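What follows is the content of my_file07.txt (compact mmCIF, N, CA and C atoms).
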# COMPACT_ATOMS: atom_id res chain seq x y z
N MET A 25 14.89 26.93 36.70
CA MET A 25 15.03 27.37 35.34
C MET A 25 15.92 26.41 34.54
N LYS A 26 17.01 25.99 35.19
CA LYS A 26 17.93 25.08 34.53
C LYS A 26 17.25 23.75 34.22
N ARG A 27 16.43 23.28 35.17
CA ARG A 27 15.70 22.03 34.95
C ARG A 27 14.72 22.15 33.79
N LEU A 28 14.06 23.28 33.69
CA LEU A 28 13.11 23.51 32.62
C LEU A 28 13.82 23.49 31.26
N LEU A 29 14.98 24.13 31.17
CA LEU A 29 15.74 24.12 29.92
C LEU A 29 16.19 22.71 29.56
N LEU A 30 16.63 21.93 30.55
CA LEU A 30 17.03 20.55 30.29
C LEU A 30 15.84 19.71 29.83
N LEU A 31 14.69 19.92 30.46
CA LEU A 31 13.48 19.19 30.07
C LEU A 31 13.09 19.55 28.64
N LEU A 32 13.11 20.82 28.29
CA LEU A 32 12.78 21.24 26.93
C LEU A 32 13.77 20.70 25.91
N ALA A 33 15.04 20.68 26.26
CA ALA A 33 16.06 20.13 25.36
C ALA A 33 15.83 18.64 25.14
N GLY A 34 15.46 17.93 26.19
CA GLY A 34 15.17 16.50 26.07
C GLY A 34 13.96 16.23 25.20
N ILE A 35 12.92 17.03 25.37
CA ILE A 35 11.72 16.88 24.54
C ILE A 35 12.05 17.17 23.09
N ALA A 36 12.81 18.23 22.84
CA ALA A 36 13.19 18.57 21.47
C ALA A 36 14.01 17.45 20.83
N ALA A 37 14.88 16.83 21.59
CA ALA A 37 15.69 15.73 21.06
C ALA A 37 14.80 14.54 20.71
N LEU A 38 13.80 14.24 21.53
CA LEU A 38 12.90 13.12 21.23
C LEU A 38 12.05 13.41 20.01
N VAL A 39 11.55 14.64 19.90
CA VAL A 39 10.69 14.99 18.78
C VAL A 39 11.47 14.98 17.47
N SER A 40 12.72 15.43 17.49
CA SER A 40 13.50 15.51 16.27
C SER A 40 14.03 14.15 15.83
N CYS A 41 14.01 13.17 16.71
CA CYS A 41 14.47 11.82 16.37
C CYS A 41 13.48 11.20 15.39
N LYS A 42 13.95 10.73 14.26
CA LYS A 42 13.07 10.17 13.24
C LYS A 42 13.18 8.66 13.21
N SER A 43 12.79 8.06 14.30
CA SER A 43 12.85 6.60 14.35
C SER A 43 11.69 6.03 13.55
N PRO A 44 11.88 4.89 12.90
CA PRO A 44 10.81 4.28 12.11
C PRO A 44 9.59 3.97 12.97
N MET A 45 8.42 4.08 12.35
CA MET A 45 7.16 3.85 13.05
C MET A 45 6.28 2.95 12.19
N ASP A 46 5.68 1.94 12.80
CA ASP A 46 4.73 1.10 12.09
C ASP A 46 3.46 1.90 11.82
N VAL A 47 2.91 1.72 10.62
CA VAL A 47 1.70 2.42 10.22
C VAL A 47 0.62 1.37 9.93
N PRO A 48 -0.57 1.54 10.51
CA PRO A 48 -1.64 0.57 10.24
C PRO A 48 -2.19 0.72 8.82
N TYR A 49 -2.62 -0.39 8.25
CA TYR A 49 -3.20 -0.41 6.91
C TYR A 49 -4.19 -1.55 6.84
N SER A 50 -5.03 -1.53 5.80
CA SER A 50 -5.97 -2.63 5.55
C SER A 50 -5.86 -3.03 4.09
N GLU A 51 -5.83 -4.33 3.84
CA GLU A 51 -5.75 -4.83 2.47
C GLU A 51 -7.12 -4.71 1.81
N LEU A 52 -7.13 -4.33 0.53
CA LEU A 52 -8.37 -4.24 -0.23
C LEU A 52 -8.60 -5.55 -0.97
N ASP A 53 -9.84 -5.99 -0.97
CA ASP A 53 -10.22 -7.23 -1.66
C ASP A 53 -11.20 -6.92 -2.79
N HIS A 54 -11.19 -7.78 -3.79
CA HIS A 54 -12.16 -7.80 -4.88
C HIS A 54 -12.05 -6.61 -5.82
N TYR A 55 -10.83 -6.31 -6.24
CA TYR A 55 -10.56 -5.33 -7.28
C TYR A 55 -9.64 -5.95 -8.32
N PHE A 56 -9.71 -5.47 -9.56
CA PHE A 56 -8.80 -5.91 -10.60
C PHE A 56 -8.25 -4.69 -11.32
N PHE A 57 -7.09 -4.85 -11.93
CA PHE A 57 -6.47 -3.79 -12.71
C PHE A 57 -7.09 -3.81 -14.10
N LYS A 58 -7.57 -2.68 -14.57
CA LYS A 58 -8.28 -2.60 -15.84
C LYS A 58 -7.34 -2.85 -17.03
N ASN A 59 -7.83 -3.62 -18.00
CA ASN A 59 -7.09 -3.88 -19.24
C ASN A 59 -6.78 -2.58 -19.95
N GLY A 60 -5.59 -2.51 -20.53
CA GLY A 60 -5.22 -1.36 -21.33
C GLY A 60 -4.65 -0.19 -20.54
N GLN A 61 -4.68 -0.26 -19.23
CA GLN A 61 -4.13 0.83 -18.42
C GLN A 61 -2.63 0.62 -18.24
N ALA A 62 -1.89 1.71 -18.19
CA ALA A 62 -0.46 1.64 -17.91
C ALA A 62 -0.26 1.43 -16.42
N VAL A 63 0.69 0.58 -16.08
CA VAL A 63 1.02 0.37 -14.67
C VAL A 63 1.47 1.70 -14.08
N PRO A 64 0.85 2.15 -12.99
CA PRO A 64 1.19 3.47 -12.45
C PRO A 64 2.64 3.57 -11.97
N ASP A 65 3.26 4.72 -12.25
CA ASP A 65 4.62 4.98 -11.79
C ASP A 65 4.65 5.22 -10.28
N ASN A 66 3.63 5.91 -9.79
CA ASN A 66 3.55 6.24 -8.37
C ASN A 66 2.56 5.29 -7.70
N PRO A 67 2.97 4.58 -6.66
CA PRO A 67 2.07 3.62 -6.01
C PRO A 67 0.98 4.29 -5.17
N LYS A 68 1.09 5.58 -4.91
CA LYS A 68 0.12 6.28 -4.08
C LYS A 68 -1.03 6.80 -4.94
N ILE A 69 -2.25 6.41 -4.58
CA ILE A 69 -3.45 6.86 -5.28
C ILE A 69 -4.31 7.58 -4.25
N ASP A 70 -4.53 8.88 -4.46
CA ASP A 70 -5.20 9.65 -3.42
C ASP A 70 -6.54 10.26 -3.83
N THR A 71 -7.05 9.89 -5.02
CA THR A 71 -8.38 10.35 -5.40
C THR A 71 -9.22 9.18 -5.91
N GLU A 72 -10.52 9.30 -5.72
CA GLU A 72 -11.43 8.27 -6.18
C GLU A 72 -11.40 8.16 -7.71
N GLU A 73 -11.25 9.30 -8.38
CA GLU A 73 -11.23 9.31 -9.84
C GLU A 73 -10.01 8.55 -10.37
N ALA A 74 -8.86 8.80 -9.80
CA ALA A 74 -7.64 8.11 -10.23
C ALA A 74 -7.77 6.61 -9.97
N PHE A 75 -8.32 6.25 -8.82
CA PHE A 75 -8.49 4.84 -8.47
C PHE A 75 -9.44 4.16 -9.46
N ALA A 76 -10.59 4.80 -9.73
CA ALA A 76 -11.60 4.22 -10.62
C ALA A 76 -11.10 4.10 -12.05
N SER A 77 -10.15 4.95 -12.45
CA SER A 77 -9.62 4.86 -13.81
C SER A 77 -8.67 3.66 -13.97
N LEU A 78 -8.11 3.19 -12.86
CA LEU A 78 -7.15 2.09 -12.90
C LEU A 78 -7.73 0.73 -12.50
N PHE A 79 -8.70 0.75 -11.58
CA PHE A 79 -9.19 -0.50 -10.99
C PHE A 79 -10.70 -0.62 -11.13
N GLY A 80 -11.13 -1.86 -11.37
CA GLY A 80 -12.55 -2.17 -11.41
C GLY A 80 -12.91 -3.05 -10.24
N MET A 81 -14.21 -3.05 -9.90
CA MET A 81 -14.71 -3.88 -8.81
C MET A 81 -14.96 -5.29 -9.32
N ALA A 82 -14.64 -6.27 -8.47
CA ALA A 82 -14.84 -7.68 -8.84
C ALA A 82 -15.54 -8.40 -7.69
N PRO A 83 -16.82 -8.06 -7.44
CA PRO A 83 -17.53 -8.72 -6.35
C PRO A 83 -17.77 -10.20 -6.67
N VAL A 84 -17.89 -10.99 -5.61
CA VAL A 84 -18.20 -12.41 -5.75
C VAL A 84 -19.39 -12.72 -4.84
N MET A 85 -20.02 -13.84 -5.08
CA MET A 85 -21.17 -14.25 -4.27
C MET A 85 -20.72 -14.63 -2.87
N GLY A 86 -21.64 -14.50 -1.94
CA GLY A 86 -21.38 -14.94 -0.58
C GLY A 86 -20.95 -13.83 0.35
N GLU A 87 -20.82 -14.20 1.61
CA GLU A 87 -20.42 -13.25 2.64
C GLU A 87 -18.99 -12.79 2.40
N GLY A 88 -18.77 -11.50 2.52
CA GLY A 88 -17.43 -10.95 2.31
C GLY A 88 -17.04 -10.84 0.85
N GLY A 89 -18.01 -10.92 -0.05
CA GLY A 89 -17.71 -10.88 -1.47
C GLY A 89 -17.72 -9.50 -2.10
N LYS A 90 -18.06 -8.48 -1.30
CA LYS A 90 -18.09 -7.12 -1.83
C LYS A 90 -16.69 -6.51 -1.79
N PRO A 91 -16.40 -5.63 -2.76
CA PRO A 91 -15.11 -4.93 -2.72
C PRO A 91 -14.99 -4.10 -1.44
N THR A 92 -13.79 -4.04 -0.91
CA THR A 92 -13.53 -3.26 0.30
C THR A 92 -13.73 -1.78 -0.01
N PRO A 93 -14.57 -1.08 0.76
CA PRO A 93 -14.78 0.34 0.48
C PRO A 93 -13.58 1.19 0.89
N VAL A 94 -13.39 2.30 0.18
CA VAL A 94 -12.33 3.26 0.49
C VAL A 94 -12.98 4.64 0.58
N ASP A 95 -12.74 5.36 1.66
CA ASP A 95 -13.20 6.73 1.83
C ASP A 95 -12.02 7.66 1.53
N PHE A 96 -11.96 8.16 0.29
CA PHE A 96 -10.79 8.95 -0.12
C PHE A 96 -10.70 10.29 0.61
N GLY A 97 -11.74 10.68 1.33
CA GLY A 97 -11.65 11.87 2.17
C GLY A 97 -10.80 11.62 3.40
N LYS A 98 -10.74 10.36 3.84
CA LYS A 98 -10.00 10.00 5.05
C LYS A 98 -8.84 9.03 4.79
N GLU A 99 -8.81 8.42 3.59
CA GLU A 99 -7.83 7.38 3.30
C GLU A 99 -7.24 7.57 1.90
N PHE A 100 -6.10 6.96 1.68
CA PHE A 100 -5.53 6.86 0.34
C PHE A 100 -5.11 5.41 0.13
N VAL A 101 -4.77 5.06 -1.11
CA VAL A 101 -4.46 3.68 -1.46
C VAL A 101 -3.01 3.58 -1.93
N ILE A 102 -2.36 2.50 -1.52
CA ILE A 102 -1.06 2.14 -2.06
C ILE A 102 -1.29 0.92 -2.95
N ALA A 103 -0.85 1.04 -4.22
CA ALA A 103 -1.10 -0.01 -5.21
C ALA A 103 0.21 -0.59 -5.71
N VAL A 104 0.31 -1.91 -5.65
CA VAL A 104 1.43 -2.63 -6.25
C VAL A 104 0.83 -3.43 -7.40
N VAL A 105 1.24 -3.08 -8.63
CA VAL A 105 0.69 -3.73 -9.82
C VAL A 105 1.85 -4.30 -10.62
N TYR A 106 1.78 -5.60 -10.88
CA TYR A 106 2.79 -6.28 -11.68
C TYR A 106 2.31 -6.42 -13.12
N PRO A 107 3.22 -6.62 -14.05
CA PRO A 107 2.83 -6.90 -15.43
C PRO A 107 2.09 -8.24 -15.53
N VAL A 108 1.38 -8.42 -16.62
CA VAL A 108 0.67 -9.67 -16.87
C VAL A 108 1.68 -10.81 -16.94
N THR A 109 1.31 -11.95 -16.35
CA THR A 109 2.19 -13.12 -16.32
C THR A 109 1.38 -14.40 -16.48
N GLU A 110 2.03 -15.45 -16.95
CA GLU A 110 1.39 -16.76 -17.04
C GLU A 110 1.68 -17.61 -15.81
N PHE A 111 2.49 -17.11 -14.89
CA PHE A 111 2.83 -17.83 -13.68
C PHE A 111 1.95 -17.37 -12.53
N HIS A 112 1.44 -18.33 -11.75
CA HIS A 112 0.64 -17.98 -10.58
C HIS A 112 1.52 -17.16 -9.63
N THR A 113 1.13 -15.92 -9.40
CA THR A 113 1.94 -15.02 -8.59
C THR A 113 1.08 -14.41 -7.50
N GLU A 114 1.56 -14.53 -6.27
CA GLU A 114 0.87 -13.94 -5.13
C GLU A 114 1.72 -12.83 -4.53
N LEU A 115 1.07 -11.73 -4.18
CA LEU A 115 1.70 -10.63 -3.50
C LEU A 115 1.05 -10.49 -2.13
N ASP A 116 1.83 -10.55 -1.09
CA ASP A 116 1.30 -10.49 0.27
C ASP A 116 1.94 -9.32 1.03
N PRO A 117 1.11 -8.54 1.74
CA PRO A 117 1.67 -7.42 2.51
C PRO A 117 2.42 -7.92 3.73
N GLU A 118 3.48 -7.21 4.08
CA GLU A 118 4.24 -7.56 5.28
C GLU A 118 4.21 -6.43 6.30
N SER A 119 4.57 -5.20 5.85
CA SER A 119 4.59 -4.08 6.79
C SER A 119 4.50 -2.76 6.04
N LEU A 120 4.09 -1.74 6.79
CA LEU A 120 4.11 -0.37 6.30
C LEU A 120 4.73 0.46 7.42
N ARG A 121 5.81 1.15 7.07
CA ARG A 121 6.55 1.91 8.09
C ARG A 121 6.80 3.32 7.59
N LEU A 122 6.78 4.25 8.53
CA LEU A 122 7.16 5.63 8.26
C LEU A 122 8.62 5.76 8.62
N GLU A 123 9.47 6.01 7.61
CA GLU A 123 10.92 6.09 7.81
C GLU A 123 11.45 7.35 7.14
N ASN A 124 12.05 8.22 7.92
CA ASN A 124 12.67 9.44 7.39
C ASN A 124 11.73 10.23 6.48
N GLY A 125 10.48 10.37 6.88
CA GLY A 125 9.54 11.18 6.12
C GLY A 125 8.91 10.52 4.92
N GLU A 126 9.15 9.23 4.71
CA GLU A 126 8.50 8.53 3.61
C GLU A 126 7.89 7.23 4.12
N LEU A 127 6.83 6.79 3.44
CA LEU A 127 6.22 5.51 3.76
C LEU A 127 6.93 4.42 2.98
N VAL A 128 7.28 3.33 3.67
CA VAL A 128 7.94 2.19 3.03
C VAL A 128 7.01 0.99 3.20
N PHE A 129 6.50 0.49 2.07
CA PHE A 129 5.59 -0.65 2.07
C PHE A 129 6.38 -1.89 1.67
N THR A 130 6.37 -2.89 2.53
CA THR A 130 7.11 -4.12 2.28
C THR A 130 6.13 -5.27 2.09
N GLY A 131 6.46 -6.13 1.13
CA GLY A 131 5.62 -7.29 0.89
C GLY A 131 6.46 -8.45 0.37
N ASP A 132 5.79 -9.57 0.18
CA ASP A 132 6.44 -10.78 -0.33
C ASP A 132 5.80 -11.20 -1.65
N GLU A 133 6.64 -11.66 -2.56
CA GLU A 133 6.19 -12.21 -3.83
C GLU A 133 6.42 -13.71 -3.82
N THR A 134 5.40 -14.47 -4.21
CA THR A 134 5.52 -15.91 -4.34
C THR A 134 5.11 -16.28 -5.76
N VAL A 135 6.02 -16.91 -6.49
CA VAL A 135 5.73 -17.31 -7.87
C VAL A 135 5.58 -18.82 -7.90
N GLY A 136 4.48 -19.26 -8.48
CA GLY A 136 4.20 -20.69 -8.54
C GLY A 136 4.31 -21.24 -9.95
N GLU A 137 3.49 -22.23 -10.22
CA GLU A 137 3.50 -22.96 -11.49
C GLU A 137 3.00 -22.10 -12.65
N LYS A 138 3.43 -22.49 -13.85
CA LYS A 138 2.92 -21.87 -15.06
C LYS A 138 1.47 -22.29 -15.22
N GLN A 139 0.63 -21.33 -15.65
CA GLN A 139 -0.80 -21.58 -15.81
C GLN A 139 -1.15 -21.58 -17.29
N SER A 140 -2.34 -22.04 -17.61
CA SER A 140 -2.80 -22.02 -19.00
C SER A 140 -3.49 -20.69 -19.31
N TRP A 141 -3.51 -19.76 -18.39
CA TRP A 141 -4.09 -18.44 -18.58
C TRP A 141 -3.15 -17.38 -18.01
N SER A 142 -3.44 -16.13 -18.29
CA SER A 142 -2.63 -15.02 -17.79
C SER A 142 -3.32 -14.35 -16.62
N MET A 143 -2.53 -13.73 -15.79
CA MET A 143 -3.06 -12.96 -14.66
C MET A 143 -2.22 -11.71 -14.47
N GLN A 144 -2.78 -10.74 -13.79
CA GLN A 144 -2.03 -9.53 -13.45
C GLN A 144 -2.06 -9.37 -11.94
N PRO A 145 -0.94 -9.70 -11.27
CA PRO A 145 -0.90 -9.61 -9.81
C PRO A 145 -1.07 -8.17 -9.33
N VAL A 146 -1.93 -8.01 -8.34
CA VAL A 146 -2.22 -6.70 -7.77
C VAL A 146 -2.31 -6.85 -6.25
N LEU A 147 -1.74 -5.88 -5.55
CA LEU A 147 -1.86 -5.79 -4.09
C LEU A 147 -2.25 -4.36 -3.77
N LEU A 148 -3.40 -4.20 -3.12
CA LEU A 148 -3.91 -2.87 -2.76
C LEU A 148 -4.12 -2.80 -1.26
N VAL A 149 -3.67 -1.70 -0.66
CA VAL A 149 -3.93 -1.44 0.76
C VAL A 149 -4.40 -0.01 0.92
N LYS A 150 -5.23 0.21 1.94
CA LYS A 150 -5.65 1.58 2.24
C LYS A 150 -5.04 2.01 3.56
N VAL A 151 -4.75 3.32 3.63
CA VAL A 151 -4.02 3.90 4.76
C VAL A 151 -4.72 5.20 5.16
N SER A 152 -4.78 5.47 6.44
CA SER A 152 -5.36 6.72 6.93
C SER A 152 -4.54 7.91 6.43
N ARG A 153 -5.21 8.99 6.07
CA ARG A 153 -4.53 10.19 5.59
C ARG A 153 -3.67 10.84 6.67
N LYS A 154 -3.86 10.48 7.91
CA LYS A 154 -3.00 11.08 8.94
C LYS A 154 -1.56 10.61 8.82
N TYR A 155 -1.33 9.54 8.04
CA TYR A 155 0.02 9.04 7.80
C TYR A 155 0.53 9.40 6.40
N GLU A 156 -0.20 10.22 5.69
CA GLU A 156 0.14 10.53 4.30
C GLU A 156 1.45 11.30 4.20
N THR A 157 2.26 10.89 3.23
CA THR A 157 3.53 11.55 2.91
C THR A 157 3.60 11.75 1.40
N GLU A 158 4.53 12.55 0.95
CA GLU A 158 4.72 12.75 -0.48
C GLU A 158 5.23 11.48 -1.15
N THR A 159 6.13 10.77 -0.47
CA THR A 159 6.81 9.64 -1.08
C THR A 159 6.35 8.32 -0.48
N VAL A 160 6.04 7.36 -1.35
CA VAL A 160 5.76 5.99 -0.95
C VAL A 160 6.73 5.10 -1.72
N ARG A 161 7.49 4.30 -0.98
CA ARG A 161 8.47 3.40 -1.60
C ARG A 161 7.98 1.97 -1.41
N ILE A 162 8.08 1.17 -2.47
CA ILE A 162 7.67 -0.23 -2.43
C ILE A 162 8.92 -1.10 -2.36
N ALA A 163 8.88 -2.07 -1.44
CA ALA A 163 9.99 -3.02 -1.29
C ALA A 163 9.41 -4.43 -1.24
N ILE A 164 9.29 -5.05 -2.41
CA ILE A 164 8.75 -6.41 -2.49
C ILE A 164 9.92 -7.39 -2.49
N LYS A 165 9.85 -8.36 -1.57
CA LYS A 165 10.89 -9.38 -1.49
C LYS A 165 10.57 -10.49 -2.48
N ARG A 166 11.54 -10.76 -3.34
CA ARG A 166 11.38 -11.81 -4.34
C ARG A 166 12.24 -13.01 -3.93
N PRO A 167 11.75 -14.22 -4.23
CA PRO A 167 12.53 -15.40 -3.85
C PRO A 167 13.84 -15.52 -4.62
Show this structure as structure tokens.
Amino acid sequence: MKRLLLLLAGIAALVSCKSPMDVPYSELDHYFFKNGQAVPDNPKIDTEEAFASLFGMAPVMGEGGKPTPVDFGKEFVIAVVYPVTEFHTELDPESLRLENGELVFTGDETVGEKQSWSMQPVLLVKVSRKYETETVRIAIKRP
């Protein structure tokens, strides 16, 4: 009986420990942020309607030129949208971790030369709903 209680106490201690966990994700390709839309306050987009109101498809010719599909019944999207800029700006994903009940998405920002046109940097990833939380925090590392 004593061993059983110790075993249960050990299991309870492991389950209650909230150590960070890596969460798998996939980057979305061939989407753009629609002109005239406000940059979303919340990076989590969990319905197809909300996604379609903010982003348009930008397919290109050739293999792999179709926009990455999202099944909103099984997945949600994390969106990082920057304001329009004249500088070539790349946003690259680094990690997605579950920490203390919230998802923390980390990425890198690289700013290059000034261009003769404007762009709106966007980084979109899709995540399985089994990892869904109320809060998604974005942590982009800037040079």
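Near A:Val146, within 7 Å and counting only N, CA and C atoms, sit Phe57, Ala103, Val104, Val105, Tyr106, Leu115, Gln144 and Leu148 of chain A, not including residues fewer than 2 positions from it in the same chain.
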*Using only N, CA and C atoms, pick whichever of A:Asn124, A:Asn66, A:Gln139, A:Thr134 has the shortest atom-to-atom distance to A:Pro44.*
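That would be A:Asn124, the residue with the smallest distance to A:Pro44.
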*Per-residue DSSP, stretch 113-157 of chain A, filtered to strand (DSSP E), as a ChimeraX atom specification*: /A:113-123,126-143,146-152
*Give me the residues within 8 Å of A:Glu156 as a PyMOL selection string, counting all atoms listed in the file and dropping any in the same chain fewer than 5 places off.*
chain A and resi 100+125-127+151
*Test item: which residues lie within 5 Å of (3.9, 3.3, 11.7) counting all atoms listed in the file, as a list in words*: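 Within 5 Å of (3.9, 3.3, 11.7), the protein and nucleic acid residues are Met45, Asp46, Val47, Pro48, Arg121 and Leu122 of chain A.
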_For a quick check of your reading of the model, name the residues lying within 6 Å of the coordinate (-11.4, -6.4, 0.1), counting all atoms listed in the file, and write them as a VMD selection string._
chain A and resid 51 to 54 90 to 92
*Which of these, A:Ile69, A:Val149, A:Val135, A:Val84, has the shortest distance to A:Thr113 once you count only N, CA and C atoms?*
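Checking each candidate against A:Thr113, we get A:Val135 as the closest.
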*Would you mind listing what lies within 10 Å of A:Val101 as a count of residues only, with only C-alpha atoms counted and same-chain residues fewer than 5 positions away left out?*
20
*Do a neighbour search on A:Thr130 at 7 Å with only C-alpha atoms, toss out local chain neighbours closer than 3 positions, and write the hits as a list in words.*
Pro117, Glu118, Ser119, Leu120, Ile162, Ala163 and Ile164 of chain A
_One decimal, in Å: what's the spacing between atom CA of A:Arg161 and atom CA of A:Val128?_
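Going from atom CA of A:Arg161 over to atom CA of A:Val128, I get 4.8 Å.
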*Please indicate the distance in Å from atom CA of A:Ala82 to atom CA of A:Lys98, rounded to one decimal place.*
23.0 Å
Please, can stretch 97-114 of chain A be completed to N, CA, C and O atoms and returned as a compact mmCIF listing (two decimals), keeping the file's coordinate frame?
# COMPACT_ATOMS: atom_id res chain seq x y z
N GLY A 97 -11.74 10.68 1.33
CA GLY A 97 -11.65 11.87 2.17
C GLY A 97 -10.80 11.62 3.40
O GLY A 97 -10.17 12.54 3.93
N LYS A 98 -10.74 10.36 3.84
CA LYS A 98 -10.00 10.00 5.05
C LYS A 98 -8.84 9.03 4.79
O LYS A 98 -8.01 8.81 5.67
N GLU A 99 -8.81 8.42 3.59
CA GLU A 99 -7.83 7.38 3.30
C GLU A 99 -7.24 7.57 1.90
O GLU A 99 -7.82 8.26 1.07
N PHE A 100 -6.10 6.96 1.68
CA PHE A 100 -5.53 6.86 0.34
C PHE A 100 -5.11 5.41 0.13
O PHE A 100 -5.11 4.61 1.06
N VAL A 101 -4.77 5.06 -1.11
CA VAL A 101 -4.46 3.68 -1.46
C VAL A 101 -3.01 3.58 -1.93
O VAL A 101 -2.50 4.46 -2.62
N ILE A 102 -2.36 2.50 -1.52
CA ILE A 102 -1.06 2.14 -2.06
C ILE A 102 -1.29 0.92 -2.95
O ILE A 102 -1.87 -0.07 -2.52
N ALA A 103 -0.85 1.04 -4.22
CA ALA A 103 -1.10 -0.01 -5.21
C ALA A 103 0.21 -0.59 -5.71
O ALA A 103 1.10 0.14 -6.16
N VAL A 104 0.31 -1.91 -5.65
CA VAL A 104 1.43 -2.63 -6.25
C VAL A 104 0.83 -3.43 -7.40
O VAL A 104 -0.02 -4.28 -7.19
N VAL A 105 1.24 -3.08 -8.63
CA VAL A 105 0.69 -3.73 -9.82
C VAL A 105 1.85 -4.30 -10.62
O VAL A 105 2.78 -3.59 -10.97
N TYR A 106 1.78 -5.60 -10.88
CA TYR A 106 2.79 -6.28 -11.68
C TYR A 106 2.31 -6.42 -13.12
O TYR A 106 1.11 -6.42 -13.38
N PRO A 107 3.22 -6.62 -14.05
CA PRO A 107 2.83 -6.90 -15.43
C PRO A 107 2.09 -8.24 -15.53
O PRO A 107 2.19 -9.09 -14.64
N VAL A 108 1.38 -8.42 -16.62
CA VAL A 108 0.67 -9.67 -16.87
C VAL A 108 1.68 -10.81 -16.94
O VAL A 108 2.76 -10.67 -17.51
N THR A 109 1.31 -11.95 -16.35
CA THR A 109 2.19 -13.12 -16.32
C THR A 109 1.38 -14.40 -16.48
O THR A 109 0.18 -14.42 -16.17
N GLU A 110 2.03 -15.45 -16.95
CA GLU A 110 1.39 -16.76 -17.04
C GLU A 110 1.68 -17.61 -15.81
O GLU A 110 1.20 -18.73 -15.69
N PHE A 111 2.49 -17.11 -14.89
CA PHE A 111 2.83 -17.83 -13.68
C PHE A 111 1.95 -17.37 -12.53
O PHE A 111 1.73 -16.17 -12.35
N HIS A 112 1.44 -18.33 -11.75
CA HIS A 112 0.64 -17.98 -10.58
C HIS A 112 1.52 -17.16 -9.63
O HIS A 112 2.54 -17.65 -9.15
N THR A 113 1.13 -15.92 -9.40
CA THR A 113 1.94 -15.02 -8.59
C THR A 113 1.08 -14.41 -7.50
O THR A 113 0.01 -13.86 -7.77
N GLU A 114 1.56 -14.53 -6.27
CA GLU A 114 0.87 -13.94 -5.13
C GLU A 114 1.72 -12.83 -4.53
O GLU A 114 2.93 -12.98 -4.40
